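Have a look at query_25.txt; it's compact mmCIF, C-alpha atoms and all ligand atoms:
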# COMPACT_ATOMS: atom_id res chain seq x y z
CA MET W 1168 -36.99 -1.35 -55.80
CA ASN W 1169 -39.46 -4.18 -55.27
CA LEU W 1170 -37.46 -7.38 -55.45
CA HIS W 1171 -39.16 -10.72 -56.14
CA PRO W 1172 -36.68 -13.44 -55.08
CA VAL W 1173 -36.57 -16.73 -56.98
CA GLU W 1174 -35.45 -19.93 -55.25
CA LEU W 1175 -33.73 -22.10 -57.83
CA ALA W 1176 -30.57 -23.76 -56.49
CA PRO W 1177 -28.26 -23.41 -53.49
CA ARG W 1178 -25.37 -21.94 -55.51
CA VAL W 1179 -27.29 -19.02 -57.00
CA ARG W 1180 -29.22 -15.88 -56.08
CA ALA W 1181 -32.00 -14.87 -58.46
CA ALA W 1182 -34.86 -12.38 -58.62
CA TRP W 1183 -37.01 -10.24 -60.86
CA THR W 1184 -38.08 -6.63 -60.48
CA ALA W 1185 -40.50 -4.39 -62.35
CA ASP W 1186 -39.07 -1.13 -61.08
CA GLY W 1187 -35.31 -1.48 -60.77
CA ALA W 1188 -32.20 -0.72 -62.80
CA PRO W 1189 -29.70 -3.45 -63.77
CA GLU W 1190 -27.10 -2.12 -61.32
CA ALA W 1191 -29.65 -2.09 -58.48
CA LEU W 1192 -30.70 -5.67 -59.21
CA ALA W 1193 -27.05 -6.76 -59.35
CA GLY W 1194 -26.31 -5.01 -56.08
CA ALA W 1195 -29.33 -6.51 -54.33
CA LEU W 1196 -28.22 -10.00 -55.34
CA GLY W 1197 -24.58 -9.49 -54.31
CA ALA W 1198 -23.23 -9.39 -57.87
CA CYS W 1199 -20.25 -7.22 -58.82
CA PHE W 1200 -21.42 -6.67 -62.39
CA SER W 1201 -24.53 -7.22 -64.51
CA LEU W 1202 -24.66 -8.35 -68.10
CA PHE W 1203 -27.86 -8.02 -70.14
CA PRO W 1204 -27.65 -9.03 -73.82
CA ARG W 1205 -28.84 -6.89 -76.72
CA GLN W 1206 -32.02 -8.87 -77.38
CA VAL W 1207 -33.16 -9.39 -80.96
CA HIS W 1208 -35.99 -11.96 -80.67
CA GLY W 1209 -33.52 -14.52 -81.99
CA THR W 1210 -32.32 -17.90 -80.78
CA ARG W 1211 -28.68 -17.25 -79.93
CA VAL W 1212 -27.47 -18.33 -76.48
CA GLU W 1213 -23.88 -17.57 -75.42
CA TRP W 1214 -21.58 -18.51 -72.55
CA VAL W 1215 -20.03 -15.53 -70.78
CA GLU W 1216 -17.11 -15.71 -68.35
CA ALA W 1217 -16.41 -12.02 -67.78
CA PRO W 1218 -18.07 -8.63 -68.30
CA VAL W 1219 -17.91 -7.26 -71.82
CA ALA W 1220 -18.07 -3.56 -72.53
CA SER W 1221 -20.35 -3.74 -75.55
CA GLY W 1222 -23.60 -5.65 -75.43
CA ILE W 1223 -23.66 -9.19 -76.72
CA GLU W 1224 -26.34 -9.67 -79.38
CA ALA W 1225 -28.17 -12.71 -78.07
CA ASP W 1226 -31.38 -13.75 -76.35
CA GLY W 1227 -29.80 -15.98 -73.76
CA LEU W 1228 -26.67 -15.90 -71.60
CA LEU W 1229 -25.06 -18.68 -69.57
CA ALA W 1230 -22.49 -17.88 -66.89
CA GLY W 1231 -19.95 -20.08 -65.18
CA ALA W 1232 -18.21 -17.47 -63.04
CA THR W 1233 -19.25 -16.06 -59.69
CA GLY W 1234 -20.24 -12.47 -59.11
CA LEU W 1235 -21.48 -11.86 -62.64
CA LEU W 1236 -25.26 -11.36 -62.93
CA VAL W 1237 -26.80 -12.40 -66.23
CA GLY W 1238 -30.29 -11.14 -66.98
CA VAL W 1239 -32.95 -10.31 -69.53
CA ARG W 1240 -35.45 -7.49 -70.07
CA THR W 1241 -39.07 -8.31 -70.85
CA ALA W 1242 -42.54 -6.78 -71.11
CA ASP W 1243 -44.98 -9.61 -72.02
CA CYS W 1244 -42.27 -11.92 -73.38
CA LEU W 1245 -41.22 -14.76 -71.10
CA PRO W 1246 -38.09 -14.47 -68.93
CA ILE W 1247 -36.53 -17.84 -68.08
CA LEU W 1248 -33.81 -18.55 -65.53
CA VAL W 1249 -31.87 -21.80 -65.29
CA ALA W 1250 -29.44 -22.97 -62.62
CA HIS W 1251 -27.38 -26.12 -62.16
CA ARG W 1252 -28.70 -27.83 -59.06
CA THR W 1253 -25.26 -28.42 -57.50
CA ALA W 1254 -22.51 -26.78 -59.58
CA PRO W 1255 -21.87 -23.06 -60.26
CA PHE W 1256 -23.59 -22.54 -63.60
CA ALA W 1257 -26.61 -20.35 -64.36
CA GLY W 1258 -28.36 -18.62 -67.22
CA ALA W 1259 -31.12 -16.26 -68.34
CA VAL W 1260 -33.21 -16.40 -71.53
CA HIS W 1261 -35.60 -13.96 -73.23
CA ALA W 1262 -38.34 -16.02 -74.88
CA GLY W 1263 -41.03 -14.39 -76.98
CA TRP W 1264 -43.05 -16.22 -79.58
CA ARG W 1265 -40.38 -15.75 -82.25
CA GLY W 1266 -37.60 -17.15 -80.10
CA LEU W 1267 -39.73 -20.05 -78.88
CA ALA W 1268 -40.93 -20.91 -82.40
CA GLY W 1269 -37.33 -20.65 -83.64
CA GLY W 1270 -36.10 -23.15 -81.04
CA ILE W 1271 -34.29 -21.00 -78.47
CA LEU W 1272 -34.88 -23.58 -75.75
CA ASP W 1273 -33.25 -26.27 -77.91
CA ARG W 1274 -30.31 -23.87 -78.49
CA LEU W 1275 -30.12 -23.37 -74.70
CA ALA W 1276 -29.88 -27.13 -74.15
CA GLU W 1277 -27.22 -27.41 -76.87
CA ARG W 1278 -25.16 -24.60 -75.34
CA ILE W 1279 -25.36 -26.27 -71.93
CA ALA W 1280 -24.09 -29.47 -73.56
CA THR W 1281 -21.16 -27.63 -75.19
CA GLY W 1282 -20.11 -26.70 -71.65
CA GLY W 1283 -19.91 -30.41 -70.81
CA LEU W 1284 -23.13 -30.21 -68.77
CA MET W 1285 -26.57 -31.79 -68.97
CA PRO W 1286 -29.91 -29.94 -69.03
CA ALA W 1287 -31.22 -32.62 -66.65
CA ASP W 1288 -29.02 -31.09 -63.94
CA PHE W 1289 -30.62 -27.66 -64.35
CA ALA W 1290 -33.66 -26.29 -62.55
CA ALA W 1291 -35.71 -23.71 -64.46
CA PHE W 1292 -37.96 -20.77 -63.54
CA LEU W 1293 -40.52 -19.10 -65.81
CA GLY W 1294 -41.10 -15.47 -64.85
CA PRO W 1295 -44.10 -13.19 -65.35
CA ALA W 1296 -45.25 -13.01 -68.98
CA ILE W 1297 -48.43 -12.40 -70.94
CA GLY W 1298 -50.84 -15.24 -70.21
CA PRO W 1299 -53.28 -17.23 -72.33
CA CYS W 1300 -56.00 -14.96 -70.85
CA CYS W 1301 -54.67 -12.05 -72.93
CA TYR W 1302 -52.28 -13.17 -75.64
CA GLU W 1303 -54.38 -13.05 -78.79
CA VAL W 1304 -52.47 -13.99 -81.93
CA GLY W 1305 -53.40 -14.89 -85.48
CA PRO W 1306 -53.29 -18.46 -86.76
CA ASP W 1307 -50.08 -17.70 -88.67
CA VAL W 1308 -48.35 -17.39 -85.28
CA GLY W 1309 -50.52 -19.64 -83.14
CA GLU W 1310 -50.38 -22.74 -85.29
CA ARG W 1311 -46.64 -23.07 -84.62
CA PHE W 1312 -47.48 -23.91 -81.00
CA GLY W 1313 -49.73 -26.94 -81.33
CA ARG W 1314 -52.11 -27.48 -78.45
CA HIS W 1315 -50.89 -24.30 -76.72
CA PHE W 1316 -52.92 -22.25 -79.23
CA ASN W 1317 -56.68 -22.50 -78.79
CA GLY W 1318 -57.54 -20.79 -82.07
CA LYS W 1319 -57.56 -17.39 -80.43
CA THR W 1320 -54.96 -17.08 -77.67
CA LEU W 1321 -51.47 -18.46 -77.15
CA ASP W 1322 -49.98 -19.93 -73.96
CA ILE W 1323 -46.22 -19.27 -74.32
CA LYS W 1324 -45.56 -20.28 -70.73
CA GLY W 1325 -47.27 -23.64 -71.21
CA PHE W 1326 -45.31 -24.22 -74.41
CA ALA W 1327 -42.00 -23.32 -72.76
CA HIS W 1328 -42.73 -25.54 -69.75
CA GLU W 1329 -43.47 -28.51 -72.01
CA ARG W 1330 -40.38 -27.94 -74.19
CA LEU W 1331 -38.03 -27.49 -71.20
CA SER W 1332 -39.42 -30.64 -69.64
CA ALA W 1333 -38.93 -32.59 -72.89
CA LEU W 1334 -35.32 -31.37 -73.02
CA GLY W 1335 -34.75 -32.71 -69.50
CA PHE W 1336 -34.79 -29.55 -67.37
CA GLY W 1337 -36.25 -29.89 -63.92
CA PRO W 1338 -37.72 -29.10 -61.58
CA ILE W 1339 -39.51 -26.31 -63.45
CA THR W 1340 -41.23 -23.64 -61.38
CA GLY W 1341 -42.92 -20.44 -62.41
CA ASP W 1342 -44.77 -17.25 -61.60
CA PRO W 1343 -48.34 -17.47 -62.95
CA THR W 1344 -48.84 -13.69 -63.10
CA CYS W 1345 -50.04 -12.32 -66.44
CA THR W 1346 -48.26 -9.06 -67.27
CA ARG W 1347 -51.13 -7.80 -69.46
CA CYS W 1348 -53.74 -8.15 -66.68
CA THR W 1349 -51.52 -6.83 -63.87
CA PRO W 1350 -51.37 -3.00 -63.89
CA ALA W 1351 -48.27 -2.96 -61.67
CA LEU W 1352 -46.25 -4.86 -64.29
CA PRO W 1353 -44.95 -3.58 -67.63
CA SER W 1354 -46.94 -4.94 -70.58
CA TYR W 1355 -46.07 -3.98 -74.13
CA ARG W 1356 -49.55 -4.93 -75.29
CA ARG W 1357 -51.18 -2.67 -72.70
CA ASP W 1358 -48.71 0.22 -73.13
CA PRO W 1359 -45.93 0.07 -75.75
CA SER W 1360 -44.07 2.84 -73.92
CA CYS W 1361 -43.89 0.81 -70.69
CA GLY W 1362 -40.72 -0.12 -68.82
CA ARG W 1363 -39.25 -3.58 -68.58
CA ILE W 1364 -39.17 -6.38 -66.05
CA LEU W 1365 -35.55 -7.27 -65.24
CA THR W 1366 -34.95 -10.91 -64.37
CA GLY W 1367 -31.46 -11.92 -63.31
CA ILE W 1368 -29.34 -14.60 -61.71
CA VAL W 1369 -25.86 -14.68 -60.20
CA ILE W 1370 -23.70 -17.50 -58.91
CA ARG W 1371 -22.99 -16.90 -55.24
CA ASN W 1372 -19.49 -16.31 -54.08
CA ASP W 1373 -19.50 -17.35 -50.46
CA ASN W 1374 -15.85 -16.35 -50.08
CA GLY W 1375 -16.59 -12.74 -50.94
CA CYS W 1376 -15.75 -10.90 -54.10
CA HIS W 1377 -12.19 -11.38 -55.29
CA ALA W 1378 -11.89 -7.64 -55.81
CA ARG W 1379 -12.86 -7.08 -52.19
CA GLY W 1380 -10.33 -9.49 -50.74
CA GLY W 1381 -12.07 -12.83 -51.16
CA SER W 1382 -10.45 -15.85 -52.76
CA PRO W 1383 -13.00 -17.61 -54.93
CA ALA W 1384 -12.04 -20.60 -57.02
CA LYS W 1385 -13.48 -18.98 -60.09
CA CYS W 1386 -14.52 -15.36 -60.20
CA TRP W 1387 -14.80 -13.22 -63.30
CA GLN W 1388 -12.32 -10.90 -61.60
CA ARG W 1389 -9.79 -13.73 -61.13
CA ALA W 1390 -7.22 -11.81 -63.18
CA CYS W 1391 -7.26 -8.87 -60.79
ZN ZN P 1 -53.99 -11.79 -68.79
Step by step, read the file and then write its structure as structure tokens.
Ligand SMILES: [Zn+2]
Amino acid sequence: MNLHPVELAPRVRAAWTADGAPEALAGALGACFSLFPRQVHGTRVEWVEAPVASGIEADGLLAGATGLLVGVRTADCLPILVAHRTAPFAGAVHAGWRGLAGGILDRLAERIATGGLMPADFAAFLGPAIGPCCYEVGPDVGERFGRHFNGKTLDIKGFAHERLSALGFGPITGDPTCTRCTPALPSYRRDPSCGRILTGIVIRNDNGCHARGGSPAKCWQRAC
């Protein structure tokens, strides 16, 4: 598995991969369990504190427990990671044009606020997605994105960066790679039968996993 590490905040480990399974990504980042939502191109963002057997229908997950990797699957859509700069909170969001136009980033900020936190304390990372070089859309889609639509192509990464910044997130970093122009990366527009990029984040547990004898303050396995 080719792992592309993402530096976001001291309390988290994060990465994306174009050729790995969820369990492999979780293992590589020191997580005990991975949780990927059942994505529906919607705007729902949920807090998770422990693994759940059946998939959560959502396009964003926020975690406040160590050892639990939250992630999203994408192929042209934009994967976004967020991490509190000092406290143990992190999240992953799947953002395609529908989710972005529907306000998923505003829902993310609202969910962070319901946890008693502020988006201004969160760093954000924008992963590989289809770029404005390749993302041709019709005006019915494009005109929802203001200056990020040039009449022919759409810049979802530019739109997301601007919206996250307006909501207070920062610093915001990103990977400029366009999935459509990069043969090594899955791109739905190039090949609808392609695989998926997995992008995930886990809060570090420097005391070791609870299940393996550690004593974290807050681990999803704290009941064990
Ligand atoms: Zn491109």
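For the choices W:Ala1351, W:Val1304, W:Ile1297, W:Leu1334, the atom-to-atom distance to ligand ZN 1 (chain P) is smallest for W:Ile1297 when using all atoms listed in the file.
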_Selected residue, from W:Asp1226, W:Glu1303, W:Glu1174, W:Glu1213, that lies nearest to W:Glu1277 when counting all atoms listed in the file_ = W:Glu1213
*Please identify all polymer residues within 9 Å of W:Ala1257, counting only C-alpha atoms, omitting same-chain residues fewer than 4 positions from it, and present them as a PyMOL selection string.*
chain W and resi 1179+1228-1232+1237+1248-1251+1289+1368-1370
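Across the model, the gap from atom CA of W:Ala1217 to atom CA of W:Leu1267 is 27.0 Å.
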*At most 12 Å from ligand ZN 1 (chain P) (all atoms listed in the file): residue list as a list in words*: Asp1243, Pro1295, Ala1296, Ile1297, Gly1298, Pro1299, Cys1300, Cys1301, Tyr1302, Glu1303, Thr1320, Leu1321, Asp1322, Pro1343, Thr1344, Cys1345, Thr1346, Arg1347, Cys1348, Thr1349, Pro1350, Leu1352, Ser1354, Arg1356 and Arg1357 of chain W
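Using only C-alpha atoms for every distance, the candidate list W:Thr1281, W:Thr1233, W:Thr1184, W:Thr1241 yields W:Thr1281 as the residue closest to W:Trp1214.
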*If you measure from atom CA of W:Ala1291 to atom CA of W:Val1219, what distance in Å do you get, rounded to one decimal?*
25.3 Å
*Between atom CA of W:Gly1227 and atom CA of W:Leu1272, what is the spacing in Å?*
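Atom-to-atom, atom CA of W:Leu1272 to atom CA of W:Gly1227, that is 9.4 Å.
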